[in-house]
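Colleague: Got model.cif for you, mmCIF, C-alpha atoms and all ligand atoms:
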data_final
loop_
_atom_site.label_atom_id
_atom_site.label_comp_id
_atom_site.auth_asym_id
_atom_site.auth_seq_id
_atom_site.Cartn_x
_atom_site.Cartn_y
_atom_site.Cartn_z
CA MET P 1 227.25 73.88 10.32
CA ALA P 2 227.53 75.26 13.82
CA ASP P 3 231.09 75.23 15.11
CA ASP P 4 230.29 74.34 18.69
CA LYS P 5 228.89 70.91 18.02
CA LYS P 6 230.82 67.66 17.91
CA ILE P 7 231.25 66.07 14.52
CA ILE P 8 230.01 62.61 13.68
CA PHE P 9 231.12 60.87 10.50
CA SER P 10 229.88 57.60 9.15
CA GLY P 11 230.07 55.81 5.84
CA MET P 12 228.07 53.07 4.21
CA GLN P 13 228.86 51.17 1.04
CA PRO P 14 226.25 51.40 -1.70
CA SER P 15 226.34 47.64 -2.15
CA GLY P 16 223.29 45.61 -1.26
CA LEU P 17 220.15 46.99 0.29
CA ILE P 18 219.79 48.57 3.70
CA THR P 19 218.41 46.03 6.13
CA LEU P 20 216.16 46.18 9.11
CA GLY P 21 219.36 45.60 11.10
CA ASN P 22 220.96 48.76 9.67
CA TYR P 23 217.78 50.65 10.37
CA LEU P 24 217.07 49.55 13.93
CA GLY P 25 220.74 49.34 14.90
CA ALA P 26 221.99 52.56 13.32
CA LEU P 27 219.91 54.76 11.05
CA ASN P 28 216.99 55.04 13.41
CA ASN P 29 219.35 56.41 16.06
CA TRP P 30 221.08 58.77 13.69
CA THR P 31 217.86 60.72 13.31
CA LYS P 32 218.07 61.46 17.03
CA LEU P 33 221.58 62.86 16.70
CA GLN P 34 220.84 65.45 14.04
CA ASP P 35 220.21 68.33 16.42
CA GLU P 36 222.94 67.62 18.92
CA TYR P 37 225.81 66.91 16.49
CA ASN P 38 227.07 67.93 13.09
CA CYS P 39 226.71 64.70 11.16
CA LEU P 40 228.11 63.59 7.85
CA TYR P 41 226.86 60.42 6.20
CA CYS P 42 228.96 59.44 3.26
CA ILE P 43 227.95 56.93 0.63
CA VAL P 44 231.32 55.36 0.04
CA ASP P 45 231.19 54.44 -3.63
CA MET P 46 235.00 54.60 -3.86
CA HIS P 47 235.30 51.90 -1.22
CA ALA P 48 232.79 49.84 -3.17
CA MET P 49 235.21 49.81 -6.13
CA THR P 50 237.54 47.47 -4.23
CA VAL P 51 235.37 44.62 -5.47
CA ARG P 52 233.92 44.41 -8.98
CA GLN P 53 230.65 46.28 -9.39
CA ASP P 54 228.14 46.43 -12.19
CA PRO P 55 228.14 50.14 -13.19
CA ALA P 56 224.38 50.51 -13.64
CA ALA P 57 223.66 48.68 -10.40
CA LEU P 58 226.22 50.74 -8.49
CA ARG P 59 224.67 53.97 -9.76
CA LYS P 60 221.17 52.87 -8.80
CA GLN P 61 222.17 51.53 -5.39
CA SER P 62 223.99 54.74 -4.55
CA ARG P 63 220.96 56.86 -5.30
CA ASP P 64 218.63 54.43 -3.55
CA LEU P 65 220.83 54.51 -0.46
CA LEU P 66 220.77 58.29 -0.36
CA MET P 67 216.98 58.31 -0.72
CA GLN P 68 216.62 55.66 1.98
CA TYR P 69 218.63 57.79 4.39
CA ILE P 70 216.25 60.65 3.81
CA ALA P 71 213.18 58.39 3.88
CA CYS P 72 214.29 57.16 7.32
CA GLY P 73 214.20 60.69 8.62
CA LEU P 74 217.70 62.07 8.12
CA ASP P 75 217.22 65.71 7.22
CA PRO P 76 219.54 66.63 4.33
CA GLU P 77 219.80 70.18 5.62
CA LYS P 78 220.79 69.26 9.15
CA ASN P 79 223.09 66.44 8.05
CA ILE P 80 225.47 66.23 5.14
CA ILE P 81 224.54 63.21 3.06
CA TYR P 82 226.72 62.81 0.00
CA TYR P 83 228.67 60.60 -2.39
CA GLN P 84 232.34 60.07 -1.63
CA SER P 85 233.23 60.26 -5.35
CA HIS P 86 231.77 63.78 -5.57
CA VAL P 87 234.29 65.12 -3.09
CA PRO P 88 237.76 64.60 -4.58
CA GLN P 89 239.47 65.62 -1.36
CA HIS P 90 238.89 62.07 -0.06
CA ALA P 91 241.18 60.66 -2.76
CA GLU P 92 243.71 63.45 -2.32
CA LEU P 93 244.08 63.04 1.42
CA SER P 94 244.07 59.29 1.03
CA TRP P 95 247.18 59.48 -1.16
CA ILE P 96 249.01 61.57 1.39
CA LEU P 97 247.99 59.28 4.26
CA ASN P 98 249.21 56.28 2.26
CA CYS P 99 252.66 57.72 2.78
CA PHE P 100 252.12 57.63 6.54
CA THR P 101 250.81 54.09 6.72
CA TYR P 102 252.97 51.00 6.91
CA MET P 103 252.54 47.87 4.82
CA GLY P 104 252.86 45.85 8.03
CA GLU P 105 249.90 47.65 9.57
CA LEU P 106 247.71 47.05 6.55
CA ASN P 107 248.80 43.43 6.40
CA ARG P 108 247.31 42.84 9.82
CA MET P 109 243.81 43.99 8.86
CA THR P 110 241.42 41.11 9.28
CA GLN P 111 238.98 42.50 6.72
CA PHE P 112 241.76 42.52 4.10
CA LYS P 113 242.57 38.92 4.88
CA GLU P 114 238.93 37.89 4.69
CA LYS P 115 238.21 39.78 1.50
CA SER P 116 241.38 38.47 -0.16
CA GLN P 117 240.16 34.96 0.49
CA LYS P 118 236.69 35.72 -0.77
CA HIS P 119 237.93 37.52 -3.90
CA ALA P 120 241.08 35.52 -4.53
CA ASP P 121 241.04 36.43 -8.23
CA ASN P 122 241.01 40.19 -7.52
CA ILE P 123 243.32 41.08 -4.65
CA ASN P 124 243.85 44.64 -5.83
CA ALA P 125 245.87 47.42 -4.22
CA GLY P 126 242.64 49.27 -3.37
CA LEU P 127 241.52 46.39 -1.20
CA PHE P 128 244.85 46.63 0.62
CA THR P 129 244.74 50.40 1.16
CA TYR P 130 241.00 50.46 1.90
CA PRO P 131 241.60 51.47 5.55
CA VAL P 132 243.68 54.46 4.43
CA LEU P 133 240.79 55.82 2.38
CA MET P 134 238.57 55.27 5.38
CA ALA P 135 241.02 57.19 7.54
CA ALA P 136 240.93 60.02 5.00
CA ASP P 137 237.11 60.05 5.13
CA ILE P 138 237.12 60.51 8.86
CA LEU P 139 240.11 62.83 9.28
CA LEU P 140 239.08 65.20 6.48
CA TYR P 141 236.16 66.41 8.58
CA GLN P 142 237.97 66.41 11.93
CA ALA P 143 235.35 63.96 13.14
CA ASP P 144 235.13 63.45 16.90
CA LEU P 145 232.93 60.40 16.80
CA VAL P 146 232.47 57.54 14.37
CA PRO P 147 229.56 55.13 14.75
CA VAL P 148 230.95 51.79 13.68
CA GLY P 149 230.14 48.16 14.17
CA GLU P 150 232.55 45.61 15.62
CA ASP P 151 233.81 44.70 12.16
CA GLN P 152 235.14 48.22 11.58
CA ARG P 153 236.86 48.75 14.91
CA GLN P 154 240.25 47.74 13.61
CA HIS P 155 239.90 50.31 10.83
CA LEU P 156 239.08 53.00 13.33
CA GLU P 157 242.13 52.01 15.36
CA ILE P 158 244.43 52.36 12.36
CA THR P 159 242.81 55.73 11.60
CA ARG P 160 243.73 56.89 15.08
CA ASP P 161 247.28 55.56 14.66
CA ILE P 162 247.73 57.33 11.33
CA ALA P 163 246.33 60.60 12.71
CA ASP P 164 248.52 60.39 15.76
CA ARG P 165 251.62 59.64 13.70
CA PHE P 166 250.90 62.61 11.44
CA ASN P 167 250.22 64.92 14.39
CA LYS P 168 253.48 63.91 16.08
CA ILE P 169 255.41 65.05 13.01
CA TYR P 170 253.46 68.16 12.01
CA GLY P 171 251.64 69.36 15.11
CA ASP P 172 247.94 69.12 15.84
CA VAL P 173 246.40 68.78 12.41
CA PHE P 174 243.86 66.01 12.92
CA THR P 175 241.28 65.38 15.61
CA ILE P 176 241.75 61.86 16.94
CA PRO P 177 238.37 60.19 16.42
CA GLU P 178 236.63 57.86 18.82
CA ALA P 179 234.13 55.09 18.28
CA TYR P 180 230.60 56.15 18.95
CA ILE P 181 228.60 53.55 20.80
CA PRO P 182 224.92 54.50 20.79
CA LYS P 183 223.11 54.41 24.12
CA VAL P 184 220.21 52.62 22.55
CA GLY P 185 220.05 50.58 19.40
CA ALA P 186 219.01 47.06 18.79
CA ARG P 187 221.42 44.38 17.70
CA ILE P 188 219.48 42.50 15.06
CA MET P 189 220.66 39.04 14.10
CA ALA P 190 220.34 37.04 10.87
CA LEU P 191 216.92 35.35 10.69
CA GLN P 192 218.28 31.96 9.63
CA ASN P 193 221.52 32.18 11.64
CA PRO P 194 220.61 34.13 14.78
CA ASP P 195 224.12 33.68 16.15
CA ARG P 196 225.46 36.29 13.72
CA LYS P 197 224.49 39.84 12.86
CA MET P 198 222.02 40.64 10.09
CA SER P 199 224.25 41.90 7.30
CA LYS P 200 223.35 43.55 4.04
CA SER P 201 226.06 41.57 2.26
CA ASP P 202 224.55 38.23 3.34
CA GLU P 203 224.00 36.05 0.31
CA ASN P 204 221.07 34.24 1.86
CA LYS P 205 218.24 36.73 1.41
CA ASN P 206 216.14 34.86 3.99
CA ASN P 207 218.60 36.09 6.60
CA THR P 208 217.79 39.73 6.04
CA ILE P 209 214.80 42.00 5.78
CA ALA P 210 215.44 44.85 3.38
CA LEU P 211 214.02 48.22 4.29
CA LEU P 212 212.17 48.19 0.98
CA ASP P 213 210.80 44.63 1.23
CA PRO P 214 207.03 44.66 0.63
CA PRO P 215 204.80 43.52 3.56
CA GLU P 216 204.17 40.00 2.25
CA VAL P 217 207.91 39.41 1.86
CA VAL P 218 208.53 40.67 5.39
CA MET P 219 205.80 38.39 6.77
CA ASN P 220 207.19 35.42 4.88
CA LYS P 221 210.79 35.91 5.94
CA ILE P 222 209.77 36.22 9.58
CA LYS P 223 207.55 33.18 9.28
CA ARG P 224 210.56 31.21 8.06
CA ALA P 225 212.92 32.57 10.72
CA VAL P 226 214.75 29.89 12.70
CA THR P 227 213.44 29.36 16.25
CA ASP P 228 213.62 26.22 18.41
CA SER P 229 211.36 23.40 19.46
CA ASP P 230 210.38 24.25 23.03
CA ASN P 231 207.55 26.61 22.07
CA GLU P 232 208.26 29.14 24.79
CA ILE P 233 208.46 32.84 24.00
CA ARG P 234 211.05 34.30 26.29
CA PHE P 235 214.30 36.18 25.89
CA SER P 236 217.24 33.96 26.68
CA GLU P 237 220.76 33.32 25.45
CA ASP P 238 219.96 29.71 24.65
CA LYS P 239 217.03 30.83 22.48
CA PRO P 240 218.77 33.07 19.93
CA GLY P 241 216.04 32.85 17.27
CA VAL P 242 213.13 33.70 19.56
CA SER P 243 215.18 36.35 21.35
CA ASN P 244 216.02 38.01 18.04
CA LEU P 245 212.35 38.17 17.05
CA LEU P 246 211.54 39.63 20.46
CA SER P 247 214.26 42.28 20.00
CA ILE P 248 212.91 43.15 16.58
CA TYR P 249 209.38 43.39 17.94
CA CYS P 250 210.44 45.65 20.79
CA ALA P 251 212.54 47.85 18.54
CA VAL P 252 209.66 48.50 16.16
CA THR P 253 206.91 48.87 18.77
CA GLY P 254 208.84 50.60 21.55
CA LYS P 255 207.77 47.91 24.03
CA THR P 256 210.13 46.40 26.59
CA ILE P 257 211.17 42.75 26.53
CA PRO P 258 209.14 41.86 29.69
CA GLU P 259 206.09 43.55 28.17
CA ALA P 260 206.49 41.55 24.98
CA GLU P 261 207.08 38.31 26.87
CA ALA P 262 203.87 38.88 28.82
CA GLU P 263 201.96 39.70 25.65
CA PHE P 264 203.03 36.43 24.00
CA LYS P 265 202.78 34.28 27.11
CA ASN P 266 200.12 31.92 25.83
CA CYS P 267 200.93 32.16 22.13
CA GLY P 268 202.37 29.58 19.79
CA TYR P 269 205.27 30.45 17.50
CA GLY P 270 202.90 30.83 14.54
CA THR P 271 200.90 33.65 16.09
CA PHE P 272 204.05 35.19 17.55
CA LYS P 273 205.75 35.34 14.15
CA ALA P 274 202.65 36.73 12.45
CA THR P 275 202.40 39.51 15.04
CA VAL P 276 206.09 40.38 14.74
CA GLY P 277 205.84 40.32 10.94
CA GLU P 278 202.87 42.67 10.94
CA ALA P 279 204.55 45.07 13.34
CA VAL P 280 207.66 45.22 11.17
CA ALA P 281 205.69 45.68 7.94
CA GLU P 282 203.67 48.44 9.58
CA ASN P 283 206.84 50.16 10.78
CA LEU P 284 208.37 50.11 7.31
CA LYS P 285 205.28 51.41 5.55
CA PRO P 286 205.83 55.16 6.04
CA ILE P 287 209.52 54.81 5.11
CA GLN P 288 208.62 53.00 1.92
CA ALA P 289 205.93 55.56 1.09
CA ARG P 290 208.42 58.39 1.57
CA PHE P 291 211.00 56.55 -0.51
CA ASN P 292 208.52 56.18 -3.35
CA GLU P 293 207.70 59.88 -3.24
CA LEU P 294 211.38 60.80 -3.28
CA SER P 295 212.01 58.46 -6.22
CA LYS P 296 209.58 60.52 -8.25
CA ASP P 297 211.11 63.86 -7.35
CA LYS P 298 214.26 63.84 -9.44
CA ALA P 299 214.96 67.55 -9.20
CA TYR P 300 214.71 67.58 -5.42
CA ILE P 301 217.12 64.67 -5.00
CA ASP P 302 219.52 66.06 -7.61
CA GLY P 303 219.56 69.32 -5.68
CA ILE P 304 220.42 67.54 -2.45
CA ILE P 305 223.20 65.58 -4.12
CA LYS P 306 224.80 68.73 -5.53
CA ASN P 307 224.30 70.93 -2.51
CA ASN P 308 225.47 68.39 0.06
CA ALA P 309 228.60 67.53 -1.93
CA GLU P 310 229.44 71.23 -2.04
CA ARG P 311 229.00 71.57 1.72
CA ALA P 312 231.19 68.52 2.33
CA SER P 313 233.79 69.75 -0.11
CA ARG P 314 234.07 73.13 1.59
CA LEU P 315 234.73 71.49 4.95
CA ALA P 316 237.14 68.98 3.45
CA ASP P 317 239.08 71.75 1.78
CA ARG P 318 239.87 73.42 5.08
CA THR P 319 241.64 70.31 6.34
CA LEU P 320 243.32 69.52 3.05
CA ARG P 321 244.80 73.03 2.75
CA LYS P 322 246.18 72.77 6.23
CA VAL P 323 247.72 69.40 5.42
CA HIS P 324 249.27 70.67 2.18
CA LYS P 325 250.82 73.58 4.01
CA LYS P 326 252.19 71.41 6.81
CA ILE P 327 253.80 68.84 4.55
CA GLY P 328 255.39 71.47 2.32
CA PHE P 329 253.36 71.45 -0.88
CA PRO P 330 253.81 74.79 -2.65
CA PRO P 331 251.09 77.35 -1.98
CA ARG P 332 248.55 77.98 -4.74
CA ILE P 333 248.90 81.42 -6.19
N1 LIG P 401 234.31 50.53 5.85
C1 LIG P 401 232.97 50.84 6.29
C2 LIG P 401 232.10 49.60 6.16
O1 LIG P 401 232.29 48.82 5.25
C3 LIG P 401 232.38 51.97 5.51
C4 LIG P 401 233.14 53.25 5.72
C5 LIG P 401 233.94 53.87 4.83
C6 LIG P 401 233.14 54.02 6.91
N2 LIG P 401 234.44 55.01 5.36
C7 LIG P 401 233.99 55.13 6.64
C8 LIG P 401 232.53 53.88 8.15
C9 LIG P 401 234.24 56.09 7.60
C10 LIG P 401 232.78 54.85 9.12
C11 LIG P 401 233.64 55.93 8.83
O2 LIG P 401 231.20 49.42 6.93
#
Any chance you could put this one into structure tokens?
Ligand code: TRP

Modeller:
Amino acid sequence: MADDKKIIFSGMQPSGLITLGNYLGALNNWTKLQDEYNCLYCIVDMHAMTVRQDPAALRKQSRDLLMQYIACGLDPEKNIIYYQSHVPQHAELSWILNCFTYMGELNRMTQFKEKSQKHADNINAGLFTYPVLMAADILLYQADLVPVGEDQRQHLEITRDIADRFNKIYGDVFTIPEAYIPKVGARIMALQNPDRKMSKSDENKNNTIALLDPPEVVMNKIKRAVTDSDNEIRFSEDKPGVSNLLSIYCAVTGKTIPEAEAEFKNCGYGTFKATVGEAVAENLKPIQARFNELSKDKAYIDGIIKNNAERASRLADRTLRKVHKKIGFPPRI
């Protein structure tokens, strides 16, 4: 990786399927960053362990996620796309950072509180120290920028606090990362609850469109999307359902909202939804075709997995060695 470029790090859990929201809000933009930045996209299977996972499903979802990244246009030579569990430095740095993180800080994390309520029978220590592993992910690569959604802002803040605390004791070891807010990027809402974001962990599958949903499923989910009763197709805060469909339409076609509003001026909701559905299905087609090709090319994907983990590991090692030296671990002879 070229040394003069800024570093972007992001992670995604291999739980659930990537949604249209992930694609239009994040992934689609990441492909535009691959020349300007050095980007690492980590599939955070170790974070996924904080809730119970079915082993076979976890393995499949991890590989599918990696292939979907590539199918969406992320070049595995320009970016580093890899599994967190293949780079042991994440766990090693995480342990050290645990010793620089206070219980009180972790206790304030809203995600911990929410997940403890949701998984009341499994409030494990990993769930509690989850943000520390996330800090290790980011700090290992001296990332400058971290694209994160609102829900992860608090974790980025604690990462900055931990890095700053460490730097104050040992000198400038870690780059203090900042949130990366993309200039463009659609905010796609849940189809049945357009007042909240489309999320891949949503249990109601009618709320989300998966990147790999076949065309008829896409059409059907959009047909069933919640709208309103005034039959007017315009973008407005008091029309969250219609506005969301307009955003989706514009994101996949490249049209502007006024253009789309004009196009649908004399349409009913039925025609509107069918047109949006078709546009989305059409947009997903080449991604799905590429995904299917990649699924058949085991050797190619295996090569990427191995090679990218090695590249990540080399970078991670630089930071970890520096950390070991600073904190006084004995040198390796
Ligand atoms: N916690 C993030 C999420 O659930 C995933 C994640 C793990 C991450 N490590 C990261 C995101 C580092 C950004 C940077 O969405």

Colleague: Dump as a PyMOL selection string all residues having an atom at most 7 Å from (209.3, 38.0, 22.6), computed in the file's coordinates with all atoms listed in the file.

Modeller: chain P and resi 233-235+242-243+245-246+257+260-261+264

Colleague: Report the distance between CA of Lys113 in chain P and CA of Thr129 in chain P in Å, rounded to one decimal place.

Modeller: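 If I compute the distance from CA of Lys113 in chain P to CA of Thr129 in chain P, I get 12.3 Å.
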
Colleague: To check your reading of the model: which residues sit at most 8 Å from ligand LIG 401 (chain P) when counting only C-alpha atoms and all ligand atoms? Write the answer as a list of chain:residue names.

Modeller: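 So the residues close to ligand LIG 401 (chain P) are P:Phe9, P:Ser10, P:Gly11, P:Met12, P:Gln13, P:Cys42, P:Ile43, P:Val44, P:His47, P:Tyr130, P:Pro131, P:Leu133, P:Met134, P:Ala135, P:Asp137, P:Ile138, P:Val146, P:Pro147, P:Val148, P:Gly149, P:Asp151, P:Gln152, P:His155, P:Leu156.
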
Colleague: Give me the residues of range 172-244 of chain P that have any atom at most 12 Å from an atom of range 50-71 of chain P; for each, the nearest atom pair and the distance in Å, rounded to one decimal. Use only C-alpha atoms, sort by chain and number, and format it as a Markdown table.

Modeller:
| residue | atom | partner | partner_atom | distance |
| --- | --- | --- | --- | --- |
| P:Ala210 | CA | P:Gln68 | CA | 11.0 |
| P:Leu211 | CA | P:Gln68 | CA | 8.2 |
| P:Leu212 | CA | P:Gln68 | CA | 8.8 |

Colleague: Taking only C-alpha atoms into account, name the residue in P:Glu263, P:Glu36, P:Glu150, P:Glu92 that is nearest to Thr110 in chain P.

Modeller: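 Closest to Thr110 in chain P, using only C-alpha atoms: P:Glu150.
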
Colleague: Just the residues within 10 Å of Cys72 in chain P, please, counting all atoms listed in the file, with nothing from its chain fewer than 5 positions along; format it as an mmCIF file with C-alpha atoms, in the frame of the given file.

Modeller:
data_model
loop_
_atom_site.group_PDB
_atom_site.id
_atom_site.type_symbol
_atom_site.label_atom_id
_atom_site.label_comp_id
_atom_site.auth_asym_id
_atom_site.auth_seq_id
_atom_site.Cartn_x
_atom_site.Cartn_y
_atom_site.Cartn_z
ATOM 1 C CA TYR P 23 217.780 50.650 10.370
ATOM 2 C CA LEU P 27 219.910 54.760 11.050
ATOM 3 C CA ASN P 28 216.990 55.040 13.410
ATOM 4 C CA TRP P 30 221.080 58.770 13.690
ATOM 5 C CA THR P 31 217.860 60.720 13.310
ATOM 6 C CA MET P 67 216.980 58.310 -0.720
ATOM 7 C CA LEU P 211 214.020 48.220 4.290
ATOM 8 C CA LEU P 284 208.370 50.110 7.310
ATOM 9 C CA PRO P 286 205.830 55.160 6.040
ATOM 10 C CA ILE P 287 209.520 54.810 5.110
ATOM 11 C CA GLN P 288 208.620 53.000 1.920
ATOM 12 C CA ARG P 290 208.420 58.390 1.570
ATOM 13 C CA PHE P 291 211.000 56.550 -0.510
#

Colleague: Suppose you want the space between CA of Asp317 in chain P and CA of Thr159 in chain P; what is it in Å?

Modeller: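 Computing the Euclidean distance for CA of Asp317 in chain P and CA of Thr159 in chain P yields 19.2 Å.
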
Colleague: Which of these residues is nearest to Lys239 in chain P, using all atoms listed in the file: P:Ile7, P:Ala279, P:Val226, P:Ile80?

Modeller: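 Between P:Ile7, P:Ala279, P:Val226, P:Ile80, the residue approaching Lys239 in chain P most closely is P:Val226.
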
Colleague: For a test of reading the model, state the distance in Å between CA of Arg196 in chain P and CA of Tyr249 in chain P, rounded to one decimal.

Modeller: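 Taking CA of Arg196 in chain P as the start and CA of Tyr249 in chain P as the end point, the length is 18.1 Å.
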
Colleague: Please check which residues have atoms at most 6 Å from (224.2, 67.5, 11.0) in the file's coordinates, counting only C-alpha atoms, and write them as a list in words.

Modeller: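 Nearby residues: Gln34, Tyr37, Asn38, Cys39, Lys78 and Asn79 of chain P.
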
Colleague: Restricting the calculation to only C-alpha atoms, which member of P:Leu145, P:Leu127, P:Ile305, P:Ile327 is positioned closest to Leu106 in chain P?

Modeller: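 Result for the nearest residue to Leu106 in chain P: P:Leu127.
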
Colleague: I'd like the neighbourhood of Tyr269 in chain P as a list of chain:residue names, where a residue qualifies if any of its atoms comes within 12 Å (using only C-alpha atoms), though same-chain residues fewer than 4 positions away should be ignored.

Modeller: P:Ile222, P:Lys223, P:Arg224, P:Ala225, P:Val226, P:Thr227, P:Asp228, P:Ser229, P:Asp230, P:Asn231, P:Glu232, P:Ile233, P:Arg234, P:Gly241, P:Val242, P:Leu245, P:Leu246, P:Phe264, P:Lys265, P:Lys273, P:Ala274, P:Thr275, P:Val276, P:Gly277

Colleague: List as a list in words the protein and nucleic acid residues near Thr253 in chain P, meaning an atom at most 9 Å away when all atoms listed in the file are counted, but skip any in the same chain fewer than 5 places from it.

Modeller: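 Final neighbour list, sorted by chain and number: Ile248, Ala279, Val280 and Asn283 of chain P.
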
Colleague: Using the selection just defined, write its residues with C-alpha atoms as an mmCIF file, in the frame of the given file.

Modeller:
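File produced: result-v6.cif:
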data_model
loop_
_atom_site.group_PDB
_atom_site.id
_atom_site.type_symbol
_atom_site.label_atom_id
_atom_site.label_comp_id
_atom_site.auth_asym_id
_atom_site.auth_seq_id
_atom_site.Cartn_x
_atom_site.Cartn_y
_atom_site.Cartn_z
ATOM 1 C CA ILE P 248 212.910 43.150 16.580
ATOM 2 C CA ALA P 279 204.550 45.070 13.340
ATOM 3 C CA VAL P 280 207.660 45.220 11.170
ATOM 4 C CA ASN P 283 206.840 50.160 10.780
#

Colleague: Around range 252-265 of chain P, with edges along x, y and z and 6 Å added on all six sides, what centre and edge lengths do you get, in Å to one decimal, as lines of an AutoDock Vina configuration file?

Modeller:
center_x = 206.6
center_y = 42.4
center_z = 22.9
size_x = 21.2
size_y = 28.3
size_z = 25.5

Colleague: Between P:Ser201, P:Asn107, P:Lys322, P:Asp4, which one has atoms that come closest to Ala48 in chain P, using all atoms listed in the file?

Modeller: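 Of P:Ser201, P:Asn107, P:Lys322, P:Asp4, the one nearest Ala48 in chain P, counting all atoms listed in the file, is P:Ser201.
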
Colleague: Closest to Asp45 in chain P among P:His86, P:Thr19, P:Phe112, P:Arg314, using only C-alpha atoms?

Modeller: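 Counting only C-alpha atoms, the residue closest to Asp45 in chain P is P:His86.
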
Colleague: So which one's closest to Lys32 in chain P, P:Asp161, P:Asp75, P:Asp195, P:Asp3? Using only C-alpha atoms, please.

Modeller: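 The shortest atom-to-atom distance to Lys32 in chain P comes from P:Asp75.
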